[in-house]
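Chemist: Handing you a structure now.
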Amino acid sequence: MTSTTDHRRAERTGMRPGAPAASLTITDLRKDFGGTAAVDGISIDVPAGSFLVLLGPSGCGKTTTLRMLAGLEDPTGGEIRFGDRVIARGGGPAVAPSEREAGLVFQSYALWPHKTVRQNVEWPLVVAKWPRADRRARAERVLSMLAITDLADRYPGEISGGQQQRVAIARMIAPQPRVLLFDEPLSNLDARLRVETRGELMRIHRSTGATSVYVTHDQVEAMTMATHIALMRDGRVEQFGTPRELLEAPRTPFAATFVGTPPANIIGCRVEGGRLRAYGVDCGPAPDGVTGGAVQAMYRAGSLAPAAEPGPGCLPATFADQVPMADRWVLGADLDDGTRLHLSRDTPVDLRPGDRLGVRLPERADAYFDAADGRPAAGAAR
Ligand SMILES: Nc1ncnc2c1ncn2[C@@H]1O[C@H](COP(=O)(O)OP(=O)(O)OP(=O)(O)O)[C@@H](O)[C@H]1O
């Protein structure tokens, strides 16, 4: 049975009703290559219609996870479910890629060079044995949705990279997938086209209502598009949450420095006599309950202020650069061991690269992490 919402969605997208989005549940998923874990036991659960971003540095296992969702790799362990349906299980049978009702767009668009744009978009419908008239109607509908009707009779070699990307997206959504999978789809586009296409992907996500999984190492992309972010590191999920949760409450120094523009600053401190010390400077009281050892103090860019010269409560640093960002200025300053700090303020400073300055710390950091395991230090939350 289909709901009114399904019919409305079908009307907007030209889809036949009956293909509602699926929730996505990943449980303890693993993938080993030759004994090395590329994906090392990840668990993620998002409701139908979510836009999940797998974010992380190169080699952290994002693409391998996406390929397991698409059915291009079999898991070594764990389980993937789309809605109630188990589509893959470590060591068990997997649903064939073509039966998963999932569409995939790669970084390289992988269009058929000898087929026209229209034929490329129709191709998955031919494979799925749609009747010819339905096929035609659906292809026209998605070509128009992506504003590429004018290009329908051209070959991929006769259109630009940005246009090819649109064709790849049109081809993906043509068969009405319940799950949309994107592997760094914007990375070949120039800056302006990236922003435009990002907006377009969001529109498509909303109008199809499908659950999307999007791989990127670009935290700005993640922050602007995601309903949920799984921040990955070394095959594991470092932190899972909404963009806002990651930004406002990073749970590890890695999360604090990977997310945010500019990212937060981490300063390694020693605890001595109830106080924190770093670079020969007193950095304020130790977090409650921490009596010794090492602590990593996190300061947001806006919490640090430049001082004309190093002095009490100020870390000695060297001015590197300043960049306008929206209506603020982001200053780069290097500590004497090369650690780069980012400060943000309303006005630029009158300094030249290489000039010495002080970086004034507030009485308390924005968060404290245990230096040994990166977890929040006891009583640290402010
Ligand atoms: N087919 C394979 N055989 C062996 N090792 C692999 C294979 N595919 C991926 N790996 C390894 O698994 C790890 C995770 O790779 P993956 O491509 O998933 O990372 P990623 O986060 O998507 O990186 P990138 O952003 O650079 O694409 C890497 O160390 C990679 O070298």
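The chains in the structure tokens are called A, B, ... from first to last as shown; in each chain the residues are counted from 1, and the ligands are counted from 1 in the order shown.
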Set the distance at 10 Å and use only C-alpha atoms: which residues neighbour Val349 (chain A) once local chain neighbours fewer than 2 positions away are removed? I'd like the list as JSON, numbers by chain.
Modeler: {"A": [306, 308, 319, 321, 322, 329, 331, 345, 346, 347, 351, 352]}
Chemist: Would you save the residues of that selection, restricted to C-alpha atoms, as a short mmCIF file (atom, residue, chain, number, x, y, z; two decimals), in the first residue's frame?
Modeler:
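Saved as result.cif:
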```
data_model
loop_
_atom_site.label_atom_id
_atom_site.label_comp_id
_atom_site.auth_asym_id
_atom_site.auth_seq_id
_atom_site.Cartn_x
_atom_site.Cartn_y
_atom_site.Cartn_z
CA PRO A 306 46.16 37.99 19.51
CA ALA A 308 50.90 42.55 20.70
CA PHE A 319 52.32 35.38 12.79
CA ASP A 321 48.84 34.81 7.64
CA GLN A 322 45.28 36.15 7.80
CA TRP A 329 39.28 37.34 9.76
CA LEU A 331 44.62 34.44 11.61
CA ARG A 345 38.31 38.07 15.04
CA ASP A 346 36.30 40.92 13.55
CA THR A 347 39.19 42.95 12.17
CA LEU A 351 51.31 42.28 11.34
CA ARG A 352 53.58 40.81 8.68
#
```
Chemist: Which residues are near ligand 1 in this structure, taking near to mean any atom at most 6 Å from a ligand atom and counting only C-alpha atoms and all ligand atoms? Format them as an mmCIF file with N, CA and C atoms, in the first residue's frame.
Modeler:
```cif
data_model
loop_
_atom_site.group_PDB
_atom_site.id
_atom_site.type_symbol
_atom_site.label_atom_id
_atom_site.label_comp_id
_atom_site.auth_asym_id
_atom_site.auth_seq_id
_atom_site.Cartn_x
_atom_site.Cartn_y
_atom_site.Cartn_z
ATOM 1 N N PHE A 33 41.261 -6.818 3.988
ATOM 2 C CA PHE A 33 41.969 -7.107 2.736
ATOM 3 C C PHE A 33 43.291 -7.745 3.136
ATOM 4 N N ALA A 38 40.276 -2.816 6.527
ATOM 5 C CA ALA A 38 39.998 -1.513 5.903
ATOM 6 C C ALA A 38 38.808 -0.881 6.622
ATOM 7 N N PRO A 57 39.655 11.285 6.615
ATOM 8 C CA PRO A 57 40.839 11.459 5.771
ATOM 9 C C PRO A 57 41.029 10.275 4.823
ATOM 10 N N SER A 58 41.926 10.442 3.891
ATOM 11 C CA SER A 58 42.213 9.408 2.908
ATOM 12 C C SER A 58 42.585 8.094 3.604
ATOM 13 N N GLY A 59 41.999 6.999 3.112
ATOM 14 C CA GLY A 59 42.373 5.682 3.625
ATOM 15 C C GLY A 59 41.634 5.241 4.880
ATOM 16 N N CYS A 60 40.630 6.014 5.322
ATOM 17 C CA CYS A 60 39.964 5.659 6.584
ATOM 18 C C CYS A 60 38.853 4.625 6.398
ATOM 19 N N GLY A 61 38.547 4.259 5.144
ATOM 20 C CA GLY A 61 37.575 3.191 4.912
ATOM 21 C C GLY A 61 36.228 3.648 4.390
ATOM 22 N N LYS A 62 36.122 4.906 3.972
ATOM 23 C CA LYS A 62 34.829 5.434 3.501
ATOM 24 C C LYS A 62 34.360 4.710 2.240
ATOM 25 N N THR A 63 35.257 4.670 1.238
ATOM 26 C CA THR A 63 34.856 4.081 -0.044
ATOM 27 C C THR A 63 34.562 2.600 0.104
ATOM 28 N N THR A 64 35.366 1.910 0.914
ATOM 29 C CA THR A 64 35.126 0.476 1.111
ATOM 30 C C THR A 64 33.738 0.261 1.729
#
```
Chemist: Could you pull the residues within 12 Å of region 101-106 of chain A, counting only C-alpha atoms, minus those fewer than 5 positions along the same chain, as a PyMOL selection string?
Modeler: chain A and resi 19-22+24+63+66-72+82-83+85+87+95-96+111+124+128+164-188+201+210-216
Chemist: Go ahead and compute the interatomic distance for CA of Ser50 (chain A) and CA of Thr227 (chain A), in Å to one decimal.
Modeler: 6.0 Å
Chemist: Among region 70-162 of chain A, which residues carry a DSSP assignment of alpha helix (DSSP H), reported as a PyMOL selection string?
Modeler: chain A and resi 70+117-127+132-145+161-162
Chemist: Kindly export the residues of the current selection with C-alpha atoms, as a short mmCIF file (atom, residue, chain, number, x, y, z; two decimals), in the first residue's frame.
Modeler:
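Once written, selection_31.cif looks like this:
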```cif
data_model
loop_
_atom_site.label_atom_id
_atom_site.label_comp_id
_atom_site.auth_asym_id
_atom_site.auth_seq_id
_atom_site.Cartn_x
_atom_site.Cartn_y
_atom_site.Cartn_z
CA ALA A 70 26.44 -0.95 -3.25
CA VAL A 117 22.87 11.23 -22.90
CA ARG A 118 19.27 9.98 -23.25
CA GLN A 119 20.42 6.41 -23.88
CA ASN A 120 22.71 6.57 -20.85
CA VAL A 121 19.84 7.72 -18.64
CA GLU A 122 17.50 5.07 -20.08
CA TRP A 123 20.01 2.26 -19.80
CA PRO A 124 19.27 1.14 -16.20
CA LEU A 125 15.57 1.07 -17.14
CA VAL A 126 16.34 -1.16 -20.13
CA VAL A 127 18.25 -3.48 -17.80
CA ARG A 132 9.52 1.29 -23.65
CA ALA A 133 6.91 4.04 -23.17
CA ASP A 134 7.51 4.21 -19.39
CA ARG A 135 11.22 4.28 -20.00
CA ARG A 136 10.94 7.20 -22.37
CA ALA A 137 8.66 9.15 -20.04
CA ARG A 138 10.85 8.57 -17.03
CA ALA A 139 14.04 9.53 -18.92
CA GLU A 140 12.41 12.76 -20.14
CA ARG A 141 11.33 13.52 -16.58
CA VAL A 142 14.78 13.12 -15.03
CA LEU A 143 16.51 14.91 -17.91
CA SER A 144 14.24 17.84 -17.24
CA MET A 145 14.77 17.61 -13.45
CA GLY A 161 32.54 17.61 -16.88
CA GLY A 162 29.81 19.31 -14.89
#
```
Chemist: As a PyMOL selection string, please: the residues near Cys269 (chain A) (cut-off 10 Å, only C-alpha atoms, same-chain neighbours under 6 positions excluded).
Modeler: chain A and resi 275-283+286+293-297+368+371
Chemist: Can I get the selection written as an mmCIF file, in the first residue's frame, with N, CA and C atoms?
Modeler:
```
data_model
loop_
_atom_site.group_PDB
_atom_site.id
_atom_site.type_symbol
_atom_site.label_atom_id
_atom_site.label_comp_id
_atom_site.auth_asym_id
_atom_site.auth_seq_id
_atom_site.Cartn_x
_atom_site.Cartn_y
_atom_site.Cartn_z
ATOM 1 N N ARG A 275 47.284 23.223 38.024
ATOM 2 C CA ARG A 275 47.265 24.168 36.890
ATOM 3 C C ARG A 275 47.740 23.451 35.619
ATOM 4 N N LEU A 276 47.384 24.021 34.483
ATOM 5 C CA LEU A 276 47.871 23.496 33.194
ATOM 6 C C LEU A 276 49.030 24.360 32.725
ATOM 7 N N ARG A 277 50.064 23.708 32.188
ATOM 8 C CA ARG A 277 51.196 24.469 31.647
ATOM 9 C C ARG A 277 51.537 23.958 30.262
ATOM 10 N N ALA A 278 51.861 24.878 29.363
ATOM 11 C CA ALA A 278 52.325 24.506 28.020
ATOM 12 C C ALA A 278 53.247 25.604 27.518
ATOM 13 N N TYR A 279 54.292 25.229 26.826
ATOM 14 C CA TYR A 279 55.228 26.194 26.235
ATOM 15 C C TYR A 279 55.720 27.209 27.284
ATOM 16 N N GLY A 280 55.879 26.729 28.542
ATOM 17 C CA GLY A 280 56.386 27.606 29.593
ATOM 18 C C GLY A 280 55.383 28.618 30.112
ATOM 19 N N VAL A 281 54.114 28.440 29.753
ATOM 20 C CA VAL A 281 53.090 29.430 30.116
ATOM 21 C C VAL A 281 52.008 28.748 30.957
ATOM 22 N N ASP A 282 51.464 29.453 31.941
ATOM 23 C CA ASP A 282 50.333 28.954 32.718
ATOM 24 C C ASP A 282 49.072 29.068 31.850
ATOM 25 N N CYS A 283 48.365 27.931 31.674
ATOM 26 C CA CYS A 283 47.189 27.917 30.787
ATOM 27 C C CYS A 283 45.893 27.784 31.582
ATOM 28 N N ALA A 286 43.513 23.277 36.046
ATOM 29 C CA ALA A 286 43.305 21.933 35.486
ATOM 30 C C ALA A 286 41.820 21.604 35.558
ATOM 31 N N GLY A 293 49.556 14.264 35.066
ATOM 32 C CA GLY A 293 49.633 13.727 33.702
ATOM 33 C C GLY A 293 49.470 14.809 32.658
ATOM 34 N N ALA A 294 48.990 14.379 31.505
ATOM 35 C CA ALA A 294 48.892 15.300 30.375
ATOM 36 C C ALA A 294 47.437 15.447 29.928
ATOM 37 N N VAL A 295 47.098 16.638 29.480
ATOM 38 C CA VAL A 295 45.727 16.938 29.029
ATOM 39 C C VAL A 295 45.828 17.701 27.721
ATOM 40 N N GLN A 296 44.895 17.435 26.811
ATOM 41 C CA GLN A 296 44.832 18.237 25.590
ATOM 42 C C GLN A 296 43.694 19.240 25.742
ATOM 43 N N ALA A 297 44.042 20.503 25.665
ATOM 44 C CA ALA A 297 43.030 21.552 25.836
ATOM 45 C C ALA A 297 42.574 22.025 24.460
ATOM 46 N N TYR A 368 38.388 19.695 27.308
ATOM 47 C CA TYR A 368 39.660 19.061 27.668
ATOM 48 C C TYR A 368 39.565 17.573 27.331
ATOM 49 N N ALA A 371 45.105 13.096 27.329
ATOM 50 C CA ALA A 371 46.131 13.021 26.283
ATOM 51 C C ALA A 371 46.408 11.580 25.870
#
```
Chemist: What's around Arg233 (chain A) at 7 Å? Count only C-alpha atoms, leave out sequence neighbours fewer than 3 positions away in its own chain, and write the answer as a list in words.
Modeler: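 Counting only C-alpha atoms, the residues come to Gly56, Cys60, Arg236, Val237 and Glu238 of chain A.
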Chemist: Kindly export the residues of the current selection with N, CA and C atoms, as a PDB file, in the first residue's frame.
Modeler:
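Wrote result.pdb, looks like this:
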```pdb
ATOM      1  N   GLY A  56      36.012  11.637   6.405  1.00  0.00           N
ATOM      2  CA  GLY A  56      37.272  11.245   7.044  1.00  0.00           C
ATOM      3  C   GLY A  56      38.430  11.391   6.085  1.00  0.00           C
ATOM      4  N   CYS A  60      40.630   6.014   5.322  1.00  0.00           N
ATOM      5  CA  CYS A  60      39.964   5.659   6.584  1.00  0.00           C
ATOM      6  C   CYS A  60      38.853   4.625   6.398  1.00  0.00           C
ATOM      7  N   ARG A 236      37.340   2.937  11.619  1.00  0.00           N
ATOM      8  CA  ARG A 236      36.337   2.974  12.687  1.00  0.00           C
ATOM      9  C   ARG A 236      35.566   4.291  12.639  1.00  0.00           C
ATOM     10  N   VAL A 237      34.418   4.312  13.325  1.00  0.00           N
ATOM     11  CA  VAL A 237      33.669   5.561  13.436  1.00  0.00           C
ATOM     12  C   VAL A 237      34.178   6.292  14.678  1.00  0.00           C
ATOM     13  N   GLU A 238      34.808   7.429  14.456  1.00  0.00           N
ATOM     14  CA  GLU A 238      35.360   8.212  15.572  1.00  0.00           C
ATOM     15  C   GLU A 238      34.228   8.920  16.320  1.00  0.00           C
TER      16      GLU A 238
END
```
Chemist: Any chance you could list, as number ranges by chain, the residues in region 104-253 of chain A that come up strand (DSSP E) when DSSP is run on the backbone?
Modeler: A: 104-105, 179-183, 211-216, 228-233, 236-241
Chemist: For those residues, write C-alpha atoms to a file as a PDB file, in the first residue's frame.
Modeler:
```pdb
ATOM      1  CA  LEU A 104      25.656   4.749  -7.166  1.00  0.00           C
ATOM      2  CA  VAL A 105      27.475   7.801  -8.534  1.00  0.00           C
ATOM      3  CA  VAL A 179      19.083   4.494  -1.449  1.00  0.00           C
ATOM      4  CA  LEU A 180      21.385   6.926  -3.263  1.00  0.00           C
ATOM      5  CA  LEU A 181      25.132   6.314  -2.924  1.00  0.00           C
ATOM      6  CA  PHE A 182      27.667   9.020  -3.815  1.00  0.00           C
ATOM      7  CA  ASP A 183      31.450   8.565  -3.843  1.00  0.00           C
ATOM      8  CA  THR A 211      18.100   7.869   1.833  1.00  0.00           C
ATOM      9  CA  SER A 212      21.484   9.172   0.682  1.00  0.00           C
ATOM     10  CA  VAL A 213      24.973   8.062   1.677  1.00  0.00           C
ATOM     11  CA  TYR A 214      27.688  10.443   0.591  1.00  0.00           C
ATOM     12  CA  VAL A 215      31.448   9.892   0.871  1.00  0.00           C
ATOM     13  CA  THR A 216      33.770  12.878   1.171  1.00  0.00           C
ATOM     14  CA  HIS A 228      24.013  12.737   9.986  1.00  0.00           C
ATOM     15  CA  ILE A 229      27.804  12.471   9.829  1.00  0.00           C
ATOM     16  CA  ALA A 230      29.901   9.406  10.573  1.00  0.00           C
ATOM     17  CA  LEU A 231      33.409  10.757  11.077  1.00  0.00           C
ATOM     18  CA  MET A 232      35.745   7.867  10.261  1.00  0.00           C
ATOM     19  CA  ARG A 233      39.352   7.219  11.194  1.00  0.00           C
ATOM     20  CA  ARG A 236      36.337   2.974  12.687  1.00  0.00           C
ATOM     21  CA  VAL A 237      33.669   5.561  13.436  1.00  0.00           C
ATOM     22  CA  GLU A 238      35.360   8.212  15.572  1.00  0.00           C
ATOM     23  CA  GLN A 239      32.122  10.124  16.159  1.00  0.00           C
ATOM     24  CA  PHE A 240      28.581   9.853  14.817  1.00  0.00           C
ATOM     25  CA  GLY A 241      26.036  12.648  15.094  1.00  0.00           C
TER      26      GLY A 241
END
```
Chemist: Which of these, A:Met225, A:Leu52, A:Leu151, A:Met298, has the shortest distance to Gly268 (chain A) once you count only C-alpha atoms?
Modeler: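 Going through A:Met225, A:Leu52, A:Leu151, A:Met298 one by one, the smallest distance to Gly268 (chain A) is for A:Met298.
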Chemist: Need to verify the contact set: Gly35 (chain A), 12 Å, only C-alpha atoms, exclusion of same-chain residues closer than 5 positions in sequence. Can you return it as number ranges by chain?
Modeler: A: 30, 40, 76
Chemist: Given only C-alpha atoms as the basis, pick out the residue of A:Arg198, A:Pro262, A:Asp334, A:Gly41 nearest to Thr224 (chain A).
Modeler: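 Checking each of A:Arg198, A:Pro262, A:Asp334, A:Gly41 against Thr224 (chain A), counting only C-alpha atoms, the winner is A:Arg198.
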